[in-house]
Amino acid sequence: MHFRGRGFECASIRATNPVSVRFVLTPDQMNEIALLLCGNNSEGAGRIALDQLASSLRSFSTKAITFLTEDITDEALSFGPFCSRVLLENGCASLVGRLDSFRMLYLSEFQSQPEYEPGKRAKSAFSWSGDVIPDEKSNQALWSIDHDLPKISRALFSKHFEHVFWKPAINKMLDYVSSHNSDPLLADVVNIDPDRFIDETKGKSMQLYSTLSKGVHWEFFTSALLFDEATVKNSIRETFLLVASLGLISHFVHTAYASLAPDEAVRCYIEIRRLVP
């Protein structure tokens with residue numbers, strides 16, 4: 001990350017494949033990212049929750065892609081990290097909800113009850129640490145008769161989610177793409193290693209979350225420290241690529257809620273990659 005200002009020598013992250021084409025997008029044109037992450041044809045409380053997340057994803061991804069593709073502005077430097085973190089958090093929340101529907105349905109129902117108080121932090125609230133990033137030891141055995149069910153992590157990047165959901169889905173996606181589509185925009189996903197993908201993605205997610213949080217919570221107490229253009233644009237691009245890959249794979253999880261047909265999921269991914277090369 002590189003900061004504008006003096007007195008700091010930090011490694012610079014260069015934005016890859018910078019885009020300078022100027023065009024105007026509307027939220028409807030960013031529907032592919034919402035479809036990849038939230039799916040389609042949901043019902044009941046699940047639909048209420050996923051529609052809410054999809055609306056947020058369309059709005060903030062539209063703004064984020066504008067910041068990525070247009071000339072840098074002060075608004076992009078200050079608001080870009082926020083838009084990107086919404087995309088990261090809400091995208092992961094959507095995937096948690098589709099893979100573990102009870103989690104989503106409970107939160108949706110609880111927040112509609114009179115007992116819910118928006119001004120107070122609920123112990124059961126969705127949390128990045130716990131719902132996305134697991135609280136588990138690296139040397140913990142995957143299977144053991146001593147595991148207590150409540151202590152088995154159901155976080156998006158947990159070892160059990162990786163084994164039960166992600167690895168089989170990645171293999172199915174790779175088989176499908178290799179036999180149905182040779183579009184060069186799929187080059188990144190066809191090179192995914194099922195045995196390394198979740199560990200690598202978890203690491204990238206944690207790094208992005210930490211970087212973007214500095215823009216959201218404004219941890220800089222001097223005007224000499226600001227995100228520069230390369231950091232903002234690279235963070236936006238990396239967030240899009242991360243959630244798009246996860247979204248694509250999620251539709252090959254055979255138990256996932258509101259899944260798209262494989263050809264539709266691939267189409268959505270390709271459209272996103274056209275916007276985010």
# chains A, B, ... in the order shown; residues from 1 in each chain; ligands from 1
$ residues_around --residues "Phe240 of chain A" --least-positions-apart "2" --cutoff "9 Å" --atoms "only C-alpha atoms" --output "NGL selection string"
:A and (33 or 61 or 65 or 84 or 87-88 or 235-238 or 242-245 or 272-273 or 276)
$ select_by_dssp --residues "segment 46-129 of chain A" --states "alpha helix (DSSP H)" --output "compact mmCIF listing (two decimals) with all heavy atoms, in the first residue's frame"
# COMPACT_ATOMS: atom_id res chain seq x y z
N GLY A 46 -36.23 -15.35 2.97
CA GLY A 46 -34.98 -15.41 2.23
C GLY A 46 -34.94 -14.38 1.13
O GLY A 46 -33.92 -13.73 0.90
N ARG A 47 -36.06 -14.20 0.45
CA ARG A 47 -36.12 -13.20 -0.62
C ARG A 47 -35.99 -11.79 -0.06
O ARG A 47 -35.31 -10.95 -0.66
CB ARG A 47 -37.44 -13.35 -1.38
CG ARG A 47 -37.58 -12.34 -2.50
CD ARG A 47 -38.81 -12.61 -3.34
NE ARG A 47 -38.89 -11.68 -4.46
CZ ARG A 47 -39.80 -11.76 -5.43
NH1 ARG A 47 -40.71 -12.73 -5.40
NH2 ARG A 47 -39.80 -10.90 -6.43
N ILE A 48 -36.63 -11.53 1.08
CA ILE A 48 -36.54 -10.20 1.69
C ILE A 48 -35.08 -9.86 1.99
O ILE A 48 -34.59 -8.77 1.67
CB ILE A 48 -37.37 -10.13 2.98
CG1 ILE A 48 -38.87 -10.25 2.64
CG2 ILE A 48 -37.10 -8.83 3.74
CD1 ILE A 48 -39.76 -10.42 3.86
N ALA A 49 -34.37 -10.82 2.60
CA ALA A 49 -32.97 -10.58 2.96
C ALA A 49 -32.09 -10.43 1.73
O ALA A 49 -31.27 -9.50 1.65
CB ALA A 49 -32.48 -11.73 3.84
N LEU A 50 -32.23 -11.33 0.78
CA LEU A 50 -31.37 -11.29 -0.40
C LEU A 50 -31.68 -10.10 -1.30
O LEU A 50 -30.78 -9.53 -1.92
CB LEU A 50 -31.48 -12.60 -1.18
CG LEU A 50 -30.84 -13.81 -0.50
CD1 LEU A 50 -31.16 -15.09 -1.27
CD2 LEU A 50 -29.32 -13.64 -0.38
N ASP A 51 -32.95 -9.71 -1.38
CA ASP A 51 -33.30 -8.51 -2.16
C ASP A 51 -32.68 -7.26 -1.55
O ASP A 51 -32.24 -6.36 -2.27
CB ASP A 51 -34.82 -8.34 -2.23
CG ASP A 51 -35.46 -9.26 -3.26
OD1 ASP A 51 -34.73 -9.98 -3.96
OD2 ASP A 51 -36.72 -9.27 -3.34
N GLN A 52 -32.66 -7.19 -0.23
CA GLN A 52 -32.05 -6.05 0.45
C GLN A 52 -30.54 -6.00 0.16
O GLN A 52 -29.99 -4.94 -0.17
CB GLN A 52 -32.28 -6.16 1.96
CG GLN A 52 -31.53 -5.15 2.82
CD GLN A 52 -32.02 -3.73 2.61
OE1 GLN A 52 -33.13 -3.51 2.12
NE2 GLN A 52 -31.20 -2.76 2.98
N LEU A 53 -29.90 -7.15 0.26
CA LEU A 53 -28.47 -7.21 -0.03
C LEU A 53 -28.18 -6.92 -1.50
O LEU A 53 -27.22 -6.21 -1.84
CB LEU A 53 -27.92 -8.58 0.35
CG LEU A 53 -27.83 -8.87 1.85
CD1 LEU A 53 -27.62 -10.36 2.10
CD2 LEU A 53 -26.68 -8.07 2.48
N ALA A 54 -29.02 -7.44 -2.39
CA ALA A 54 -28.83 -7.22 -3.83
C ALA A 54 -28.94 -5.75 -4.19
O ALA A 54 -28.18 -5.22 -5.00
CB ALA A 54 -29.84 -8.04 -4.63
N SER A 55 -29.91 -5.06 -3.57
CA SER A 55 -30.09 -3.64 -3.83
C SER A 55 -28.85 -2.85 -3.41
O SER A 55 -28.37 -1.96 -4.14
CB SER A 55 -31.32 -3.12 -3.07
OG SER A 55 -31.46 -1.72 -3.23
N SER A 56 -28.32 -3.18 -2.25
CA SER A 56 -27.11 -2.52 -1.77
C SER A 56 -25.92 -2.82 -2.69
O SER A 56 -25.15 -1.92 -3.04
CB SER A 56 -26.80 -2.99 -0.35
OG SER A 56 -25.54 -2.52 0.08
N LEU A 57 -25.80 -4.06 -3.10
CA LEU A 57 -24.68 -4.44 -3.98
C LEU A 57 -24.75 -3.72 -5.32
O LEU A 57 -23.73 -3.27 -5.85
CB LEU A 57 -24.68 -5.95 -4.19
CG LEU A 57 -24.22 -6.78 -2.98
CD1 LEU A 57 -24.59 -8.25 -3.16
CD2 LEU A 57 -22.72 -6.64 -2.78
N ARG A 58 -25.95 -3.61 -5.88
CA ARG A 58 -26.09 -2.90 -7.16
C ARG A 58 -25.68 -1.44 -7.02
O ARG A 58 -24.95 -0.90 -7.86
CB ARG A 58 -27.52 -3.02 -7.69
CG ARG A 58 -27.85 -4.35 -8.33
CD ARG A 58 -29.17 -4.30 -9.06
NE ARG A 58 -30.29 -4.14 -8.14
CZ ARG A 58 -30.96 -5.14 -7.59
NH1 ARG A 58 -30.63 -6.38 -7.87
NH2 ARG A 58 -31.97 -4.91 -6.78
N SER A 59 -26.15 -0.80 -5.98
CA SER A 59 -25.88 0.64 -5.81
C SER A 59 -24.40 0.92 -5.59
O SER A 59 -23.80 1.78 -6.25
CB SER A 59 -26.69 1.18 -4.63
OG SER A 59 -28.08 1.10 -4.89
N PHE A 60 -23.79 0.20 -4.65
CA PHE A 60 -22.41 0.50 -4.29
C PHE A 60 -21.42 -0.04 -5.33
O PHE A 60 -20.35 0.55 -5.51
CB PHE A 60 -22.10 -0.03 -2.89
CG PHE A 60 -22.68 0.82 -1.80
CD1 PHE A 60 -23.89 0.49 -1.22
CD2 PHE A 60 -22.03 1.97 -1.38
CE1 PHE A 60 -24.46 1.29 -0.23
CE2 PHE A 60 -22.57 2.78 -0.38
CZ PHE A 60 -23.79 2.43 0.20
N SER A 61 -21.75 -1.12 -6.00
CA SER A 61 -20.85 -1.60 -7.05
C SER A 61 -20.88 -0.66 -8.26
O SER A 61 -19.86 -0.50 -8.94
CB SER A 61 -21.22 -3.03 -7.47
OG SER A 61 -22.51 -3.08 -8.05
N THR A 62 -22.03 -0.05 -8.52
CA THR A 62 -22.11 0.94 -9.59
C THR A 62 -21.18 2.12 -9.31
O THR A 62 -20.44 2.58 -10.19
CB THR A 62 -23.56 1.45 -9.75
OG1 THR A 62 -24.41 0.36 -10.07
CG2 THR A 62 -23.65 2.51 -10.85
N LYS A 63 -21.22 2.59 -8.07
CA LYS A 63 -20.34 3.71 -7.69
C LYS A 63 -18.88 3.27 -7.73
O LYS A 63 -18.01 4.00 -8.21
CB LYS A 63 -20.71 4.18 -6.27
CG LYS A 63 -20.18 5.57 -5.93
CD LYS A 63 -20.89 6.64 -6.73
CE LYS A 63 -20.45 8.03 -6.31
NZ LYS A 63 -21.00 9.09 -7.19
N ALA A 64 -18.60 2.05 -7.24
CA ALA A 64 -17.23 1.56 -7.20
C ALA A 64 -16.65 1.42 -8.61
O ALA A 64 -15.49 1.77 -8.84
CB ALA A 64 -17.17 0.23 -6.46
N ILE A 65 -17.44 0.89 -9.55
CA ILE A 65 -16.92 0.71 -10.90
C ILE A 65 -16.69 2.05 -11.58
O ILE A 65 -15.77 2.21 -12.39
CB ILE A 65 -17.88 -0.17 -11.74
CG1 ILE A 65 -17.13 -0.82 -12.92
CG2 ILE A 65 -19.05 0.61 -12.27
CD1 ILE A 65 -16.20 -1.90 -12.52
N THR A 66 -17.47 3.05 -11.21
CA THR A 66 -17.23 4.40 -11.73
C THR A 66 -15.91 4.94 -11.21
O THR A 66 -15.11 5.51 -11.97
CB THR A 66 -18.38 5.34 -11.31
OG1 THR A 66 -19.62 4.84 -11.82
CG2 THR A 66 -18.16 6.75 -11.84
N PHE A 67 -15.65 4.76 -9.93
CA PHE A 67 -14.37 5.21 -9.37
C PHE A 67 -13.20 4.46 -10.01
O PHE A 67 -12.12 5.03 -10.18
CB PHE A 67 -14.35 4.96 -7.85
CG PHE A 67 -15.29 5.85 -7.07
CD1 PHE A 67 -15.88 5.40 -5.90
CD2 PHE A 67 -15.56 7.14 -7.49
CE1 PHE A 67 -16.72 6.20 -5.17
CE2 PHE A 67 -16.43 7.97 -6.77
CZ PHE A 67 -17.01 7.50 -5.60
N LEU A 68 -13.41 3.20 -10.36
CA LEU A 68 -12.34 2.39 -10.95
C LEU A 68 -12.02 2.83 -12.38
O LEU A 68 -10.85 2.89 -12.77
CB LEU A 68 -12.73 0.92 -10.94
CG LEU A 68 -11.77 -0.07 -11.62
CD1 LEU A 68 -10.43 -0.11 -10.88
CD2 LEU A 68 -12.38 -1.46 -11.70
N THR A 69 -13.04 3.15 -13.15
CA THR A 69 -12.85 3.37 -14.58
C THR A 69 -12.64 4.83 -14.97
O THR A 69 -12.15 5.10 -16.06
CB THR A 69 -14.06 2.83 -15.36
OG1 THR A 69 -15.26 3.44 -14.88
CG2 THR A 69 -14.17 1.32 -15.20
N ASP A 74 -11.24 13.52 -5.68
CA ASP A 74 -11.18 13.50 -4.21
C ASP A 74 -12.30 12.62 -3.65
O ASP A 74 -12.11 11.94 -2.64
CB ASP A 74 -11.32 14.93 -3.66
CG ASP A 74 -10.06 15.76 -3.89
OD1 ASP A 74 -8.99 15.16 -4.12
OD2 ASP A 74 -10.15 17.00 -3.83
N GLU A 75 -13.46 12.63 -4.32
CA GLU A 75 -14.56 11.77 -3.87
C GLU A 75 -14.17 10.31 -3.96
O GLU A 75 -14.45 9.52 -3.06
CB GLU A 75 -15.81 12.02 -4.71
CG GLU A 75 -17.01 11.18 -4.26
CD GLU A 75 -18.19 11.26 -5.21
OE1 GLU A 75 -17.99 11.65 -6.38
OE2 GLU A 75 -19.30 10.91 -4.79
N ALA A 76 -13.50 9.93 -5.04
CA ALA A 76 -13.08 8.53 -5.20
C ALA A 76 -12.07 8.14 -4.13
O ALA A 76 -12.12 7.03 -3.59
CB ALA A 76 -12.49 8.33 -6.59
N LEU A 77 -11.14 9.03 -3.81
CA LEU A 77 -10.13 8.72 -2.80
C LEU A 77 -10.74 8.52 -1.42
O LEU A 77 -10.27 7.70 -0.64
CB LEU A 77 -9.09 9.84 -2.76
CG LEU A 77 -8.17 9.96 -3.97
CD1 LEU A 77 -7.30 11.20 -3.85
CD2 LEU A 77 -7.30 8.72 -4.12
N SER A 78 -11.80 9.29 -1.12
CA SER A 78 -12.39 9.20 0.21
C SER A 78 -13.56 8.22 0.29
O SER A 78 -13.75 7.56 1.31
CB SER A 78 -12.87 10.60 0.67
OG SER A 78 -13.82 11.12 -0.24
N PHE A 79 -14.34 8.10 -0.79
CA PHE A 79 -15.55 7.28 -0.76
C PHE A 79 -15.34 5.91 -1.42
O PHE A 79 -16.09 4.97 -1.14
CB PHE A 79 -16.68 8.03 -1.48
CG PHE A 79 -18.05 7.44 -1.29
CD1 PHE A 79 -18.50 7.03 -0.04
CD2 PHE A 79 -18.90 7.29 -2.38
CE1 PHE A 79 -19.77 6.48 0.13
CE2 PHE A 79 -20.17 6.74 -2.22
CZ PHE A 79 -20.61 6.34 -0.96
N GLY A 80 -14.31 5.79 -2.25
CA GLY A 80 -14.04 4.53 -2.92
C GLY A 80 -13.83 3.36 -1.97
O GLY A 80 -14.41 2.28 -2.16
N PRO A 81 -13.01 3.52 -0.91
CA PRO A 81 -12.82 2.41 0.03
C PRO A 81 -14.12 1.98 0.71
O PRO A 81 -14.32 0.79 0.95
CB PRO A 81 -11.83 2.99 1.05
CG PRO A 81 -11.06 4.01 0.29
CD PRO A 81 -12.08 4.64 -0.63
N PHE A 82 -15.00 2.93 1.00
CA PHE A 82 -16.28 2.59 1.62
C PHE A 82 -17.13 1.73 0.68
O PHE A 82 -17.68 0.70 1.08
CB PHE A 82 -17.04 3.86 2.00
CG PHE A 82 -18.38 3.59 2.63
CD1 PHE A 82 -18.48 3.28 3.98
CD2 PHE A 82 -19.54 3.65 1.88
CE1 PHE A 82 -19.71 3.01 4.56
CE2 PHE A 82 -20.77 3.39 2.44
CZ PHE A 82 -20.86 3.07 3.79
N CYS A 83 -17.23 2.16 -0.57
CA CYS A 83 -18.02 1.39 -1.55
C CYS A 83 -17.46 -0.02 -1.71
O CYS A 83 -18.21 -0.99 -1.80
CB CYS A 83 -18.02 2.10 -2.90
SG CYS A 83 -18.89 3.69 -2.91
N SER A 84 -16.14 -0.12 -1.74
CA SER A 84 -15.52 -1.41 -1.92
C SER A 84 -15.74 -2.30 -0.71
O SER A 84 -15.96 -3.51 -0.85
CB SER A 84 -14.01 -1.22 -2.17
OG SER A 84 -13.43 -2.40 -2.66
N ARG A 85 -15.72 -1.73 0.48
CA ARG A 85 -15.95 -2.57 1.67
C ARG A 85 -17.39 -3.02 1.75
O ARG A 85 -17.67 -4.14 2.19
CB ARG A 85 -15.55 -1.83 2.94
CG ARG A 85 -15.44 -2.81 4.10
CD ARG A 85 -14.98 -2.19 5.38
NE ARG A 85 -15.95 -2.43 6.44
CZ ARG A 85 -15.70 -2.25 7.72
NH1 ARG A 85 -14.51 -1.82 8.11
NH2 ARG A 85 -16.62 -2.47 8.63
N VAL A 86 -18.33 -2.19 1.32
CA VAL A 86 -19.73 -2.64 1.26
C VAL A 86 -19.85 -3.83 0.32
O VAL A 86 -20.52 -4.82 0.61
CB VAL A 86 -20.66 -1.50 0.80
CG1 VAL A 86 -22.07 -2.02 0.52
CG2 VAL A 86 -20.72 -0.40 1.86
N LEU A 87 -19.18 -3.74 -0.83
CA LEU A 87 -19.19 -4.85 -1.79
C LEU A 87 -18.60 -6.11 -1.17
O LEU A 87 -19.15 -7.21 -1.33
CB LEU A 87 -18.41 -4.45 -3.04
CG LEU A 87 -18.23 -5.50 -4.13
CD1 LEU A 87 -19.56 -6.01 -4.65
CD2 LEU A 87 -17.38 -4.94 -5.28
N LEU A 88 -17.50 -5.96 -0.45
CA LEU A 88 -16.86 -7.11 0.18
C LEU A 88 -17.73 -7.71 1.28
O LEU A 88 -17.98 -8.93 1.31
CB LEU A 88 -15.50 -6.69 0.75
CG LEU A 88 -14.68 -7.77 1.46
CD1 LEU A 88 -14.28 -8.88 0.49
CD2 LEU A 88 -13.43 -7.14 2.10
N GLU A 89 -18.20 -6.88 2.19
CA GLU A 89 -18.98 -7.38 3.33
C GLU A 89 -20.35 -7.92 2.91
O GLU A 89 -20.75 -9.02 3.31
CB GLU A 89 -19.16 -6.27 4.36
CG GLU A 89 -17.95 -6.02 5.23
CD GLU A 89 -18.27 -5.16 6.42
OE1 GLU A 89 -18.37 -3.93 6.24
OE2 GLU A 89 -18.41 -5.70 7.53
N ASN A 90 -21.07 -7.14 2.13
CA ASN A 90 -22.41 -7.59 1.73
C ASN A 90 -22.34 -8.76 0.76
O ASN A 90 -23.23 -9.62 0.75
CB ASN A 90 -23.20 -6.43 1.11
CG ASN A 90 -23.69 -5.46 2.16
OD1 ASN A 90 -23.33 -5.56 3.33
ND2 ASN A 90 -24.51 -4.51 1.76
N GLY A 91 -21.29 -8.80 -0.05
CA GLY A 91 -21.12 -9.95 -0.93
C GLY A 91 -20.90 -11.22 -0.13
O GLY A 91 -21.52 -12.26 -0.40
N CYS A 92 -20.04 -11.14 0.88
CA CYS A 92 -19.79 -12.32 1.73
C CYS A 92 -21.02 -12.66 2.56
O CYS A 92 -21.31 -13.85 2.77
CB CYS A 92 -18.58 -12.06 2.62
SG CYS A 92 -17.00 -12.07 1.75
N ALA A 93 -21.75 -11.65 3.02
CA ALA A 93 -22.98 -11.91 3.78
C ALA A 93 -24.00 -12.65 2.92
O ALA A 93 -24.68 -13.58 3.40
CB ALA A 93 -23.57 -10.60 4.29
N SER A 94 -24.09 -12.27 1.66
CA SER A 94 -25.02 -12.95 0.74
C SER A 94 -24.64 -14.41 0.57
O SER A 94 -25.50 -15.29 0.56
CB SER A 94 -25.01 -12.25 -0.62
OG SER A 94 -25.35 -10.89 -0.51
N LEU A 95 -23.34 -14.67 0.45
CA LEU A 95 -22.88 -16.05 0.27
C LEU A 95 -23.11 -16.88 1.53
O LEU A 95 -23.50 -18.04 1.46
CB LEU A 95 -21.41 -16.05 -0.12
CG LEU A 95 -21.09 -15.45 -1.49
CD1 LEU A 95 -19.59 -15.30 -1.68
CD2 LEU A 95 -21.68 -16.30 -2.60
N VAL A 96 -22.87 -16.27 2.70
CA VAL A 96 -23.16 -16.97 3.95
C VAL A 96 -24.63 -17.34 4.00
O VAL A 96 -25.01 -18.47 4.36
CB VAL A 96 -22.79 -16.10 5.17
CG1 VAL A 96 -23.35 -16.71 6.46
CG2 VAL A 96 -21.27 -15.96 5.29
N GLY A 97 -25.49 -16.39 3.63
CA GLY A 97 -26.93 -16.64 3.65
C GLY A 97 -27.38 -17.73 2.70
O GLY A 97 -28.28 -18.51 3.01
N ARG A 98 -26.76 -17.80 1.54
CA ARG A 98 -27.16 -18.81 0.55
C ARG A 98 -26.59 -20.19 0.87
O ARG A 98 -27.18 -21.20 0.50
CB ARG A 98 -26.72 -18.37 -0.85
CG ARG A 98 -27.53 -17.17 -1.36
CD ARG A 98 -27.15 -16.77 -2.79
NE ARG A 98 -27.06 -17.92 -3.64
CZ ARG A 98 -25.95 -18.29 -4.29
NH1 ARG A 98 -24.83 -17.57 -4.17
NH2 ARG A 98 -25.94 -19.37 -5.05
N LEU A 99 -25.44 -20.24 1.54
CA LEU A 99 -24.86 -21.53 1.90
C LEU A 99 -25.38 -22.03 3.25
O LEU A 99 -25.47 -23.24 3.47
CB LEU A 99 -23.33 -21.43 1.95
CG LEU A 99 -22.63 -21.11 0.63
CD1 LEU A 99 -21.12 -21.13 0.81
CD2 LEU A 99 -23.05 -22.06 -0.48
N SER A 101 -28.56 -21.11 5.12
CA SER A 101 -29.80 -20.32 5.06
C SER A 101 -30.36 -19.99 6.43
O SER A 101 -30.97 -18.93 6.62
CB SER A 101 -30.85 -21.05 4.23
OG SER A 101 -30.43 -21.18 2.90
N PHE A 102 -30.18 -20.87 7.42
CA PHE A 102 -30.72 -20.58 8.75
C PHE A 102 -30.14 -19.28 9.30
O PHE A 102 -30.86 -18.50 9.93
CB PHE A 102 -30.42 -21.72 9.72
CG PHE A 102 -30.88 -21.43 11.13
CD1 PHE A 102 -32.22 -21.55 11.47
CD2 PHE A 102 -29.98 -21.00 12.09
CE1 PHE A 102 -32.65 -21.25 12.76
CE2 PHE A 102 -30.40 -20.70 13.38
CZ PHE A 102 -31.74 -20.83 13.72
N ARG A 103 -28.85 -19.05 9.05
CA ARG A 103 -28.21 -17.81 9.55
C ARG A 103 -28.92 -16.59 8.98
O ARG A 103 -29.24 -15.65 9.72
CB ARG A 103 -26.74 -17.82 9.13
CG ARG A 103 -25.94 -16.64 9.68
CD ARG A 103 -25.65 -16.80 11.15
NE ARG A 103 -24.83 -15.71 11.67
CZ ARG A 103 -25.30 -14.75 12.47
NH1 ARG A 103 -26.56 -14.75 12.85
NH2 ARG A 103 -24.48 -13.81 12.91
N MET A 104 -29.17 -16.58 7.71
CA MET A 104 -29.84 -15.46 7.06
C MET A 104 -31.28 -15.33 7.52
O MET A 104 -31.76 -14.23 7.83
CB MET A 104 -29.79 -15.65 5.54
CG MET A 104 -30.61 -14.66 4.74
SD MET A 104 -30.47 -14.95 2.96
CE MET A 104 -31.21 -16.57 2.80
N LEU A 105 -32.01 -16.44 7.59
CA LEU A 105 -33.41 -16.40 7.97
C LEU A 105 -33.59 -15.96 9.41
O LEU A 105 -34.52 -15.21 9.74
CB LEU A 105 -34.06 -17.78 7.76
CG LEU A 105 -34.12 -18.25 6.31
CD1 LEU A 105 -34.61 -19.69 6.24
CD2 LEU A 105 -35.02 -17.34 5.48
N TYR A 106 -32.70 -16.41 10.29
CA TYR A 106 -32.78 -15.99 11.69
C TYR A 106 -32.62 -14.48 11.81
O TYR A 106 -33.39 -13.80 12.48
CB TYR A 106 -31.72 -16.69 12.53
CG TYR A 106 -31.68 -16.17 13.95
CD1 TYR A 106 -32.57 -16.65 14.91
CD2 TYR A 106 -30.79 -15.15 14.31
CE1 TYR A 106 -32.56 -16.14 16.21
CE2 TYR A 106 -30.78 -14.63 15.60
CZ TYR A 106 -31.66 -15.14 16.54
OH TYR A 106 -31.66 -14.61 17.81
N LEU A 107 -31.58 -13.94 11.15
CA LEU A 107 -31.33 -12.50 11.24
C LEU A 107 -32.48 -11.70 10.64
O LEU A 107 -32.89 -10.68 11.19
CB LEU A 107 -30.02 -12.16 10.53
CG LEU A 107 -28.75 -12.63 11.23
CD1 LEU A 107 -27.54 -12.36 10.35
CD2 LEU A 107 -28.58 -11.94 12.58
N SER A 108 -33.01 -12.17 9.52
CA SER A 108 -34.12 -11.47 8.88
C SER A 108 -35.35 -11.45 9.79
O SER A 108 -36.01 -10.41 9.94
CB SER A 108 -34.46 -12.14 7.54
OG SER A 108 -35.53 -11.48 6.91
N GLU A 109 -35.65 -12.59 10.38
CA GLU A 109 -36.81 -12.67 11.26
C GLU A 109 -36.59 -11.86 12.54
O GLU A 109 -37.48 -11.15 13.00
CB GLU A 109 -37.11 -14.13 11.61
CG GLU A 109 -37.69 -14.93 10.45
CD GLU A 109 -39.10 -14.49 10.07
OE1 GLU A 109 -39.79 -13.87 10.91
OE2 GLU A 109 -39.50 -14.74 8.93
N PHE A 110 -35.41 -11.99 13.13
CA PHE A 110 -35.14 -11.28 14.39
C PHE A 110 -35.23 -9.77 14.20
O PHE A 110 -35.78 -9.06 15.05
CB PHE A 110 -33.75 -11.67 14.91
CG PHE A 110 -33.31 -10.89 16.13
CD1 PHE A 110 -34.16 -10.75 17.22
CD2 PHE A 110 -32.06 -10.31 16.19
CE1 PHE A 110 -33.76 -10.03 18.35
CE2 PHE A 110 -31.65 -9.60 17.31
CZ PHE A 110 -32.51 -9.45 18.39
$ residues_around --residues "Ile249 of chain A" --least-positions-apart "4" --cutoff "7 Å" --atoms "only C-alpha atoms" --output "PyMOL selection string"
chain A and resi 169-170+173+245
$ write_last_selection --atoms "C-alpha atoms" --output "CSV table (one decimal), in the first residue's frame"
chain,number,residue,atom,x,y,z
A,169,ALA,CA,-18.1,-26.8,-6.1
A,170,ILE,CA,-14.8,-25.7,-7.5
A,173,MET,CA,-17.2,-25.5,-11.9
A,245,SER,CA,-15.0,-15.7,-8.2
$ atom_distance --atom1 "atom CA of Ile133 of chain A" --atom2 "atom CA of Phe157 of chain A"
5.9 Å
